[in-house]
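Worksheet: the structure to be examined is printed underneath.
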Amino acid sequence: SKDIVMLGNSLTEGGGDWGKRLGKEHVINRGISGDEVMGVYDRLHQILPGKPAKLFLLIGVNDVSHDLSTDSIVYRIDQTLTRIQKESPETKVYLQSLLPIDESFNRYKRLTNKTYQIPEINARLEALAKEKKITFINLYPLFTEKGTNVLRKELTSDGLHLNDKGYQIWVDAIKKKM
């Protein structure tokens with residue numbers, strides 16, 4: 001009940017020791033590389049019985065790469081949030097926006113021509129969070145090149161994943177919610 005859970009995919013997993021990054025105890029990294037929304041949903045049984053104090057969710061970019069529609073991704077995130085609220089109603093949930101990507105790296109072919117979809121998803125997630133009365137953390141604009149929807153080159157080595165400078169921006173954005 002004292003735990004803060006960081007839940008998501010490789011972006012979350014890559015944060016490593018979130019407790020150390022955030023200067024907090026009881027922070028659990030539950031990011032799994034390659035995970036999708038339904039993967040998170042399917043492993044909630046490992047997390048929710050502990051009734052964590054807080055849960056920070058960032059998930060969806062792998063669903064984008066698997067050609068799921070915005071509607072489908074948002075629906076699945078809605079299902080996931082509903083389950084969290086039902087099974088662990090005391091947990092304070094923070095829904096984080098998807099981060100931008102930079103297709104110019106040509107590393108993730110499945111994300112080609114998908115840059116536009118991420119702001120669409122984020123707008124829907126913000127509305128969903130409001131509807132569910134949970135906190136939405138819009139990380140997206142902190143990571144984009146000014147005036148674009150593209151991930152800043154100095155924050156990534158591959159156009160998708162973050163380097164330490166990128167993680168510091170993320171930490172600074174969520175630290176006050178801890």
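Letters for chains follow the order of the structure tokens (A, B, ...), residue numbers begin at 1 for each chain, and ligand numbers begin at 1 in the order shown.
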
* Secondary structure check, alpha helix (DSSP H) residues of chain A, as a PyMOL selection string -> chain A and resi 10-13+18-22+37-42+61-65+70-87+117-132+140-143+164-174

Those same residues, written as a compact mmCIF listing (two decimals), in the first residue's frame with C-alpha atoms?
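Below you can see out.txt, which holds the result:
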```txt
# COMPACT_ATOMS: atom_id res chain seq x y z
CA SER A 10 10.20 -0.42 -22.71
CA LEU A 11 10.04 3.32 -22.09
CA THR A 12 9.12 2.65 -18.47
CA GLU A 13 11.44 -0.34 -18.18
CA TRP A 18 12.76 4.83 -10.70
CA GLY A 19 13.09 5.10 -6.93
CA LYS A 20 16.64 6.33 -7.31
CA ARG A 21 15.68 8.64 -10.19
CA LEU A 22 12.81 10.12 -8.17
CA VAL A 37 -2.17 -2.20 -23.59
CA MET A 38 -3.68 -5.69 -23.32
CA GLY A 39 -0.37 -7.03 -22.01
CA VAL A 40 -0.61 -4.53 -19.16
CA TYR A 41 -4.27 -5.46 -18.65
CA ASP A 42 -3.40 -9.15 -18.52
CA VAL A 61 3.15 3.09 -28.70
CA ASN A 62 3.59 -0.64 -29.39
CA ASP A 63 -0.12 -0.83 -30.18
CA VAL A 64 0.45 1.98 -32.70
CA SER A 65 3.27 -0.05 -34.28
CA THR A 70 -6.77 5.24 -32.23
CA ASP A 71 -10.27 4.09 -31.20
CA SER A 72 -9.03 0.59 -30.40
CA ILE A 73 -6.04 1.81 -28.36
CA VAL A 74 -8.11 4.29 -26.35
CA TYR A 75 -10.82 1.65 -25.76
CA ARG A 76 -8.22 -0.79 -24.41
CA ILE A 77 -6.70 1.85 -22.14
CA ASP A 78 -10.22 2.66 -20.93
CA GLN A 79 -10.76 -1.04 -20.07
CA THR A 80 -7.43 -1.11 -18.23
CA LEU A 81 -8.24 2.01 -16.19
CA THR A 82 -11.72 0.67 -15.37
CA ARG A 83 -10.18 -2.53 -14.04
CA ILE A 84 -7.61 -0.63 -11.95
CA GLN A 85 -10.32 1.57 -10.44
CA LYS A 86 -12.58 -1.40 -9.73
CA GLU A 87 -9.96 -3.72 -8.21
CA GLN A 117 -1.52 9.25 -34.61
CA ILE A 118 0.15 9.94 -31.27
CA PRO A 119 -1.33 13.44 -30.72
CA GLU A 120 -4.76 12.02 -31.67
CA ILE A 121 -4.41 9.32 -29.03
CA ASN A 122 -3.16 11.80 -26.44
CA ALA A 123 -6.12 14.13 -26.97
CA ARG A 124 -8.48 11.20 -26.45
CA LEU A 125 -6.54 10.02 -23.37
CA GLU A 126 -6.76 13.47 -21.83
CA ALA A 127 -10.56 13.42 -22.29
CA LEU A 128 -10.71 9.86 -20.93
CA ALA A 129 -8.75 10.84 -17.82
CA LYS A 130 -11.12 13.75 -17.22
CA GLU A 131 -14.13 11.44 -17.62
CA LYS A 132 -12.64 8.92 -15.17
CA TYR A 140 4.26 14.91 -25.02
CA PRO A 141 5.04 18.64 -25.47
CA LEU A 142 8.09 18.35 -23.21
CA PHE A 143 9.71 15.98 -25.71
CA ASP A 164 19.27 9.91 -19.54
CA LYS A 165 18.49 13.49 -20.59
CA GLY A 166 15.02 12.33 -21.71
CA TYR A 167 14.43 10.43 -18.48
CA GLN A 168 15.37 13.52 -16.48
CA ILE A 169 12.64 15.51 -18.25
CA TRP A 170 10.14 12.74 -17.45
CA VAL A 171 11.24 12.61 -13.81
CA ASP A 172 10.97 16.39 -13.47
CA ALA A 173 7.43 16.25 -14.90
CA ILE A 174 6.14 13.61 -12.49
```

Each residue of range 72-118 of chain A lying at most 12 Å from range 158-161 of chain A should get a row with its shortest atom-to-atom pair and the distance in Å to one decimal, counting only C-alpha atoms; could you produce that, ordered by chain and increasing number, as a Markdown table?
```
| residue | atom | partner | partner_atom | distance |
| --- | --- | --- | --- | --- |
| A:Leu98 | CA | A:Leu160 | CA | 10.8 |
| A:Leu99 | CA | A:Leu160 | CA | 8.3 |
| A:Pro100 | CA | A:Leu160 | CA | 7.6 |
| A:Ile101 | CA | A:Leu160 | CA | 5.1 |
| A:Asp102 | CA | A:Gly159 | CA | 4.4 |
| A:Glu103 | CA | A:Gly159 | CA | 6.2 |
| A:Ser104 | CA | A:Gly159 | CA | 7.3 |
| A:Phe105 | CA | A:Gly159 | CA | 5.6 |
| A:Asn106 | CA | A:Gly159 | CA | 8.0 |
| A:Arg107 | CA | A:Asp158 | CA | 6.4 |
| A:Tyr108 | CA | A:Leu160 | CA | 8.1 |
| A:Lys109 | CA | A:Gly159 | CA | 11.1 |
| A:Arg110 | CA | A:Leu160 | CA | 11.7 |
| A:Leu111 | CA | A:Leu160 | CA | 9.4 |
| A:Thr112 | CA | A:Gly159 | CA | 11.1 |
| A:Thr115 | CA | A:Leu160 | CA | 10.9 |
```

* **Residue nearest Leu55 in chain A - candidates A:Asn113, A:Ser157, A:Asn163, A:Thr91, atoms counted: only C-alpha atoms** => A:Thr91

* Run DSSP on the backbone of this structure and report the residues of chain A it assigns to strand (DSSP E or B), as JSON, numbers by chain. => {"A": [4, 5, 6, 7, 8, 27, 28, 29, 30, 31, 54, 55, 56, 57, 58, 92, 93, 94, 95, 96, 101, 135, 136, 137, 144, 150, 151, 156, 162]}

* Residue among A:Val93, A:Ile32, A:Ile4, A:Leu162 lying closest to Ile59 in chain A, counting only C-alpha atoms ->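 Nearest to Ile59 in chain A: A:Ile32.
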